[in-house]
$ cat query-v2.pdb   # PDB, C-alpha atoms
ATOM      1  CA  MET X  19     -36.940  -5.441 -30.249
ATOM      2  CA  GLN X  20     -39.039  -7.317 -27.699
ATOM      3  CA  LEU X  21     -39.212  -4.528 -25.126
ATOM      4  CA  HIS X  22     -42.900  -4.974 -24.261
ATOM      5  CA  LEU X  23     -42.326  -8.693 -23.743
ATOM      6  CA  LEU X  24     -39.359  -7.917 -21.489
ATOM      7  CA  ALA X  25     -41.546  -5.612 -19.397
ATOM      8  CA  LYS X  26     -44.266  -8.261 -19.131
ATOM      9  CA  LYS X  27     -41.811 -10.978 -18.105
ATOM     10  CA  MET X  28     -40.181  -8.754 -15.499
ATOM     11  CA  LEU X  29     -43.549  -7.747 -14.049
ATOM     12  CA  ASP X  30     -44.896 -11.319 -14.084
ATOM     13  CA  ARG X  31     -41.802 -12.518 -12.213
ATOM     14  CA  GLY X  32     -41.657  -9.522  -9.882
ATOM     15  CA  GLN X  33     -38.047  -9.005 -10.929
ATOM     16  CA  THR X  34     -35.931  -5.936 -11.590
ATOM     17  CA  LEU X  35     -33.262  -4.945 -14.096
ATOM     18  CA  ALA X  36     -30.211  -2.692 -14.057
ATOM     19  CA  THR X  37     -27.771  -2.032 -16.881
ATOM     20  CA  VAL X  38     -24.063  -1.290 -17.092
ATOM     21  CA  GLU X  39     -23.313   0.269 -20.453
ATOM     22  CA  SER X  40     -20.206   1.359 -22.276
ATOM     23  CA  CYS X  41     -20.571   1.625 -26.063
ATOM     24  CA  THR X  42     -24.329   2.239 -25.901
ATOM     25  CA  GLY X  43     -23.929   5.188 -23.542
ATOM     26  CA  GLY X  44     -27.211   4.486 -21.761
ATOM     27  CA  GLY X  45     -29.127   3.354 -24.840
ATOM     28  CA  ILE X  46     -30.512   0.228 -23.170
ATOM     29  CA  ALA X  47     -31.719   2.331 -20.245
ATOM     30  CA  THR X  48     -33.292   4.806 -22.656
ATOM     31  CA  ALA X  49     -35.145   2.016 -24.463
ATOM     32  CA  CYS X  50     -36.418   0.596 -21.167
ATOM     33  CA  THR X  51     -37.545   3.938 -19.780
ATOM     34  CA  ASP X  52     -39.319   4.834 -23.025
ATOM     35  CA  LEU X  53     -42.012   2.434 -21.779
ATOM     36  CA  ALA X  54     -44.566   3.894 -19.399
ATOM     37  CA  GLY X  55     -44.532   1.996 -16.114
ATOM     38  CA  SER X  56     -40.936   0.840 -16.458
ATOM     39  CA  SER X  57     -40.188   2.165 -12.974
ATOM     40  CA  GLN X  58     -41.902  -0.982 -11.682
ATOM     41  CA  TRP X  59     -39.099  -3.171 -13.025
ATOM     42  CA  PHE X  60     -36.213  -1.006 -14.275
ATOM     43  CA  LEU X  61     -33.946   0.272 -11.490
ATOM     44  CA  GLY X  62     -31.361   2.253 -13.429
ATOM     45  CA  SER X  63     -28.105   2.261 -15.329
ATOM     46  CA  VAL X  64     -24.441   3.015 -14.855
ATOM     47  CA  VAL X  65     -22.629   4.278 -17.943
ATOM     48  CA  THR X  66     -19.019   3.122 -17.699
ATOM     49  CA  TYR X  67     -17.763   4.587 -20.947
ATOM     50  CA  ALA X  68     -14.216   5.184 -19.697
ATOM     51  CA  ASN X  69     -12.071   2.439 -18.182
ATOM     52  CA  GLU X  70     -11.753   4.536 -15.017
ATOM     53  CA  MET X  71     -15.512   4.255 -14.522
ATOM     54  CA  LYS X  72     -15.434   0.501 -15.062
ATOM     55  CA  ILE X  73     -12.757   0.262 -12.370
ATOM     56  CA  LYS X  74     -14.687   2.539  -9.980
ATOM     57  CA  LEU X  75     -17.689   0.248 -10.381
ATOM     58  CA  GLY X  76     -15.531  -2.735  -9.395
ATOM     59  CA  VAL X  77     -14.055  -4.172 -12.589
ATOM     60  CA  GLU X  78     -10.549  -5.444 -11.890
ATOM     61  CA  PRO X  79      -7.883  -3.303 -13.598
ATOM     62  CA  SER X  80      -6.017  -6.519 -14.438
ATOM     63  CA  ALA X  81      -9.000  -7.756 -16.485
ATOM     64  CA  ILE X  82      -8.862  -4.602 -18.595
ATOM     65  CA  GLU X  83      -5.061  -4.820 -18.898
ATOM     66  CA  HIS X  84      -4.967  -8.514 -19.857
ATOM     67  CA  HIS X  85      -8.114  -8.831 -21.973
ATOM     68  CA  GLY X  86      -8.963  -5.274 -23.009
ATOM     69  CA  ALA X  87     -12.022  -3.212 -22.160
ATOM     70  CA  VAL X  88     -13.903  -4.927 -24.981
ATOM     71  CA  SER X  89     -13.800  -8.532 -23.794
ATOM     72  CA  ILE X  90     -16.065 -11.198 -22.376
ATOM     73  CA  GLU X  91     -14.104 -11.073 -19.122
ATOM     74  CA  VAL X  92     -14.738  -7.356 -18.635
ATOM     75  CA  ALA X  93     -18.394  -7.612 -19.708
ATOM     76  CA  GLU X  94     -18.942 -10.384 -17.154
ATOM     77  CA  GLN X  95     -17.359  -8.338 -14.378
ATOM     78  CA  MET X  96     -19.434  -5.309 -15.405
ATOM     79  CA  ALA X  97     -22.634  -7.378 -15.153
ATOM     80  CA  GLN X  98     -21.682  -8.839 -11.769
ATOM     81  CA  CYS X  99     -20.732  -5.404 -10.448
ATOM     82  CA  GLY X 100     -24.056  -4.102 -11.734
ATOM     83  CA  LEU X 101     -25.927  -6.680  -9.661
ATOM     84  CA  GLU X 102     -23.952  -5.822  -6.555
ATOM     85  CA  TYR X 103     -24.293  -2.061  -7.041
ATOM     86  CA  SER X 104     -28.010  -2.040  -7.820
ATOM     87  CA  ALA X 105     -29.338  -5.096  -5.957
ATOM     88  CA  ALA X 106     -31.412  -5.796  -9.093
ATOM     89  CA  ASP X 107     -32.458  -9.320  -9.987
ATOM     90  CA  TRP X 108     -30.886  -9.019 -13.438
ATOM     91  CA  SER X 109     -28.012  -7.003 -14.809
ATOM     92  CA  VAL X 110     -27.128  -6.509 -18.466
ATOM     93  CA  ALA X 111     -23.678  -5.229 -19.441
ATOM     94  CA  VAL X 112     -22.307  -4.194 -22.821
ATOM     95  CA  THR X 113     -18.859  -3.095 -23.929
ATOM     96  CA  GLY X 114     -17.855  -2.702 -27.538
ATOM     97  CA  ILE X 115     -16.382  -0.765 -30.419
ATOM     98  CA  ALA X 116     -19.041   1.302 -32.180
ATOM     99  CA  GLY X 117     -16.554   3.060 -34.462
ATOM    100  CA  PRO X 118     -15.733   4.553 -36.758
ATOM    101  CA  GLY X 119     -12.257   4.203 -35.208
ATOM    102  CA  GLY X 120     -10.857   2.054 -32.431
ATOM    103  CA  GLY X 121     -11.018  -1.318 -34.141
ATOM    104  CA  SER X 122      -8.196  -3.805 -34.690
ATOM    105  CA  ALA X 123      -7.704  -7.084 -36.543
ATOM    106  CA  GLU X 124      -8.673  -9.037 -33.400
ATOM    107  CA  LYS X 125     -11.500  -6.684 -32.442
ATOM    108  CA  PRO X 126     -12.824  -4.862 -35.490
ATOM    109  CA  VAL X 127     -15.369  -2.062 -35.351
ATOM    110  CA  GLY X 128     -18.715  -3.638 -34.497
ATOM    111  CA  THR X 129     -17.308  -6.046 -31.898
ATOM    112  CA  VAL X 130     -19.546  -6.055 -28.825
ATOM    113  CA  CYS X 131     -19.270  -8.188 -25.693
ATOM    114  CA  PHE X 132     -22.414  -8.805 -23.676
ATOM    115  CA  ALA X 133     -23.066 -10.282 -20.243
ATOM    116  CA  TRP X 134     -26.315 -10.985 -18.436
ATOM    117  CA  ALA X 135     -26.135 -11.742 -14.712
ATOM    118  CA  HIS X 136     -28.837 -13.142 -12.437
ATOM    119  CA  SER X 137     -28.204 -14.393  -8.926
ATOM    120  CA  ASN X 138     -25.322 -16.864  -9.344
ATOM    121  CA  GLN X 139     -25.871 -17.276 -13.100
ATOM    122  CA  LEU X 140     -23.787 -15.538 -15.730
ATOM    123  CA  PHE X 141     -24.307 -15.618 -19.485
ATOM    124  CA  SER X 142     -22.003 -13.923 -21.971
ATOM    125  CA  GLU X 143     -21.542 -13.605 -25.686
ATOM    126  CA  ARG X 144     -19.418 -11.782 -28.230
ATOM    127  CA  MET X 145     -21.151 -10.459 -31.324
ATOM    128  CA  GLN X 146     -20.026  -8.744 -34.495
ATOM    129  CA  PHE X 147     -22.330  -6.052 -35.881
ATOM    130  CA  SER X 148     -21.984  -3.963 -39.019
ATOM    131  CA  GLY X 149     -22.999  -0.500 -40.096
ATOM    132  CA  ASP X 150     -22.157   2.979 -38.914
ATOM    133  CA  ARG X 151     -21.770   4.003 -35.280
ATOM    134  CA  LEU X 152     -25.482   4.600 -34.714
ATOM    135  CA  GLU X 153     -26.478   1.343 -36.411
ATOM    136  CA  ILE X 154     -24.010  -0.663 -34.316
ATOM    137  CA  ARG X 155     -25.300   0.944 -31.126
ATOM    138  CA  LYS X 156     -28.923   0.298 -32.140
ATOM    139  CA  GLN X 157     -28.180  -3.364 -32.896
ATOM    140  CA  THR X 158     -26.405  -3.663 -29.550
ATOM    141  CA  VAL X 159     -29.401  -2.301 -27.618
ATOM    142  CA  GLU X 160     -31.801  -4.589 -29.466
ATOM    143  CA  TYR X 161     -29.630  -7.674 -28.992
ATOM    144  CA  ALA X 162     -29.136  -7.019 -25.276
ATOM    145  CA  ILE X 163     -32.891  -6.774 -24.716
ATOM    146  CA  ASP X 164     -33.901  -9.638 -27.011
ATOM    147  CA  LYS X 165     -31.332 -12.014 -25.491
ATOM    148  CA  LEU X 166     -32.560 -11.149 -21.995
ATOM    149  CA  VAL X 167     -36.116 -12.005 -23.076
ATOM    150  CA  GLU X 168     -34.770 -15.351 -24.327
ATOM    151  CA  LEU X 169     -32.974 -15.976 -21.017
ATOM    152  CA  LEU X 170     -36.191 -15.266 -19.107
ATOM    153  CA  LYS X 171     -38.035 -18.161 -20.841
TER     154      LYS X 171
END
$ encode --input "query-v2.pdb" --output "structure tokens"
Amino acid sequence: MQLHLLAKKMLDRGQTLATVESCTGGGIATACTDLAGSSQWFLGSVVTYANEMKIKLGVEPSAIEHHGAVSIEVAEQMAQCGLEYSAADWSVAVTGIAGPGGGSAEKPVGTVCFAWAHSNQLFSERMQFSGDRLEIRKQTVEYAIDKLVELLK
């Protein structure tokens, strides 16, 4: 995980980050705040584990109904709502199925949807991870951070 590089890039740019997390339960925020000095660039996190919390943050109920909570559409709305709520420069959102239950043929355990929002830019991706619940969550945290570092290049 390129956490130190993320911190350097954020500091060099004078930018800030907020996260909106479902399946990681605040894991991205934990990783960021494990670094001393992260308060200079990390603003905070909203854990929207339940659909009700996603809706309270601003995700459209129709997006959840039509696409499911684990979808690119919902991840994108989570990231955009995170920007609006926090006024951060960047927002990272994750929603997924960490298991062991909850998967389906279309969205098996390990399915995670990501979105990264910055100003009027929005990037999103669906990934499939494997392993147990903790391994899937760990891979999700690492991917969210490493992809953000890539987007900051």
$ closest_residue --input "query-v2.pdb" --among "X:Ala47, X:Val38, X:Val159, X:Leu29" --to "Val110 of chain X" --atoms "only C-alpha atoms"
X:Val38
$ residues_near_point --input "query-v2.pdb" --point "(-12.6, -0.7, -13.2)" --cutoff "10 Å" --atoms "all atoms listed in the file" --output "PyMOL selection string"
chain X and resi 66+68-82+87+92+95-96+99
$ resolve_selection --input "query-v2.pdb" --expression "the PyMOL selection byres ((chain X and resi 36) around 6)" --output "count of residues only"
7
$ closest_residue --input "query-v2.pdb" --among "X:Leu170, X:Ile154, X:Ile115, X:Met19" --to "His136 of chain X" --atoms "all atoms listed in the file"
X:Leu170
$ resolve_selection --input "query-v2.pdb" --expression "the PyMOL selection byres ((chain X and resi 131) around 9)" --output "list in words"
Val88, Ser89, Ile90, Glu91, Val92, Ala93, Glu94, Ala111, Val112, Thr113, Gly114, Thr129, Val130, Phe132, Ala133, Ser142, Glu143, Arg144, Met145 and Gln146 of chain X
$ closest_residue --input "query-v2.pdb" --among "X:Asp30, X:Leu140, X:Gln98, X:Trp134" --to "Ala162 of chain X" --atoms "all atoms listed in the file"
X:Trp134
$ residues_near_point --input "query-v2.pdb" --point "(-37.9, -3.1, -21.8)" --cutoff "7 Å" --atoms "only C-alpha atoms" --output "list of chain:residue names"
X:Leu21, X:His22, X:Leu24, X:Ala25, X:Ala49, X:Cys50, X:Leu53, X:Ile163
$ atom_distance --input "query-v2.pdb" --atom1 "atom CA of Arg155 of chain X" --atom2 "atom CA of Ala116 of chain X"
6.4 Å
$ closest_residue --input "query-v2.pdb" --among "X:Cys41, X:Asp52, X:Asn138, X:Pro126" --to "Arg151 of chain X" --atoms "all atoms listed in the file"
X:Cys41
$ axis_aligned_box --input "query-v2.pdb" --around "segment 134-145 of chain X" --padding-each-side "6 Å" --output "JSON"
{"center_x": -24.1, "center_y": -13.9, "center_z": -20.1, "size_x": 21.4, "size_y": 18.8, "size_z": 34.4}
$ atom_distance --input "query-v2.pdb" --atom1 "atom CA of Leu169 of chain X" --atom2 "atom CA of Met28 of chain X"
11.6 Å
$ atom_distance --input "query-v2.pdb" --atom1 "atom CA of Leu23 of chain X" --atom2 "atom CA of Ser56 of chain X"
12.1 Å
$ closest_residue --input "query-v2.pdb" --among "X:Phe141, X:Phe147, X:Glu39, X:Glu124" --to "Glu168 of chain X" --atoms "all atoms listed in the file"
X:Phe141
$ closest_residue --input "query-v2.pdb" --among "X:Lys125, X:Arg31, X:Lys156, X:His84" --to "Trp108 of chain X" --atoms "only C-alpha atoms"
X:Arg31
$ residues_around --input "query-v2.pdb" --residues "Gly32 of chain X" --least-positions-apart "6" --cutoff "10 Å" --atoms "only C-alpha atoms" --output "ChimeraX atom specification"
/X:26,58-59,107
$ build_atoms --input "query-v2.pdb" --residues "segment 96-113 of chain X" --atoms "N, CA and C atoms" --output "PDB file, in the frame of the given file"
ATOM      1  N   MET X  96     -18.511  -6.446 -15.402  1.00  0.00           N
ATOM      2  CA  MET X  96     -19.434  -5.309 -15.405  1.00  0.00           C
ATOM      3  C   MET X  96     -20.830  -5.756 -14.969  1.00  0.00           C
ATOM      4  N   ALA X  97     -21.298  -6.882 -15.503  1.00  0.00           N
ATOM      5  CA  ALA X  97     -22.634  -7.378 -15.153  1.00  0.00           C
ATOM      6  C   ALA X  97     -22.710  -7.763 -13.678  1.00  0.00           C
ATOM      7  N   GLN X  98     -21.688  -8.452 -13.182  1.00  0.00           N
ATOM      8  CA  GLN X  98     -21.682  -8.839 -11.769  1.00  0.00           C
ATOM      9  C   GLN X  98     -21.628  -7.614 -10.864  1.00  0.00           C
ATOM     10  N   CYS X  99     -20.810  -6.642 -11.229  1.00  0.00           N
ATOM     11  CA  CYS X  99     -20.732  -5.404 -10.448  1.00  0.00           C
ATOM     12  C   CYS X  99     -22.062  -4.663 -10.486  1.00  0.00           C
ATOM     13  N   GLY X 100     -22.743  -4.734 -11.617  1.00  0.00           N
ATOM     14  CA  GLY X 100     -24.056  -4.102 -11.734  1.00  0.00           C
ATOM     15  C   GLY X 100     -25.068  -4.704 -10.783  1.00  0.00           C
ATOM     16  N   LEU X 101     -25.031  -6.027 -10.623  1.00  0.00           N
ATOM     17  CA  LEU X 101     -25.927  -6.680  -9.661  1.00  0.00           C
ATOM     18  C   LEU X 101     -25.625  -6.221  -8.244  1.00  0.00           C
ATOM     19  N   GLU X 102     -24.349  -6.213  -7.904  1.00  0.00           N
ATOM     20  CA  GLU X 102     -23.952  -5.822  -6.555  1.00  0.00           C
ATOM     21  C   GLU X 102     -24.300  -4.367  -6.267  1.00  0.00           C
ATOM     22  N   TYR X 103     -24.058  -3.495  -7.219  1.00  0.00           N
ATOM     23  CA  TYR X 103     -24.293  -2.061  -7.041  1.00  0.00           C
ATOM     24  C   TYR X 103     -25.778  -1.742  -6.920  1.00  0.00           C
ATOM     25  N   SER X 104     -26.591  -2.401  -7.737  1.00  0.00           N
ATOM     26  CA  SER X 104     -28.010  -2.040  -7.820  1.00  0.00           C
ATOM     27  C   SER X 104     -28.929  -2.899  -6.967  1.00  0.00           C
ATOM     28  N   ALA X 105     -28.502  -4.098  -6.625  1.00  0.00           N
ATOM     29  CA  ALA X 105     -29.338  -5.096  -5.957  1.00  0.00           C
ATOM     30  C   ALA X 105     -30.518  -5.515  -6.835  1.00  0.00           C
ATOM     31  N   ALA X 106     -30.385  -5.340  -8.151  1.00  0.00           N
ATOM     32  CA  ALA X 106     -31.412  -5.796  -9.093  1.00  0.00           C
ATOM     33  C   ALA X 106     -31.373  -7.316  -9.195  1.00  0.00           C
ATOM     34  N   ASP X 107     -32.428  -7.879  -9.743  1.00  0.00           N
ATOM     35  CA  ASP X 107     -32.458  -9.320  -9.987  1.00  0.00           C
ATOM     36  C   ASP X 107     -31.629  -9.693 -11.212  1.00  0.00           C
ATOM     37  N   TRP X 108     -31.629  -8.804 -12.198  1.00  0.00           N
ATOM     38  CA  TRP X 108     -30.886  -9.019 -13.438  1.00  0.00           C
ATOM     39  C   TRP X 108     -30.031  -7.808 -13.738  1.00  0.00           C
ATOM     40  N   SER X 109     -28.882  -8.072 -14.330  1.00  0.00           N
ATOM     41  CA  SER X 109     -28.012  -7.003 -14.809  1.00  0.00           C
ATOM     42  C   SER X 109     -27.581  -7.351 -16.225  1.00  0.00           C
ATOM     43  N   VAL X 110     -27.602  -6.354 -17.094  1.00  0.00           N
ATOM     44  CA  VAL X 110     -27.128  -6.509 -18.466  1.00  0.00           C
ATOM     45  C   VAL X 110     -25.954  -5.566 -18.645  1.00  0.00           C
ATOM     46  N   ALA X 111     -24.855  -6.068 -19.199  1.00  0.00           N
ATOM     47  CA  ALA X 111     -23.678  -5.229 -19.441  1.00  0.00           C
ATOM     48  C   ALA X 111     -23.249  -5.350 -20.895  1.00  0.00           C
ATOM     49  N   VAL X 112     -22.821  -4.213 -21.449  1.00  0.00           N
ATOM     50  CA  VAL X 112     -22.307  -4.194 -22.821  1.00  0.00           C
ATOM     51  C   VAL X 112     -21.040  -3.360 -22.885  1.00  0.00           C
ATOM     52  N   THR X 113     -20.082  -3.839 -23.656  1.00  0.00           N
ATOM     53  CA  THR X 113     -18.859  -3.095 -23.929  1.00  0.00           C
ATOM     54  C   THR X 113     -18.440  -3.439 -25.353  1.00  0.00           C
TER      55      THR X 113
END
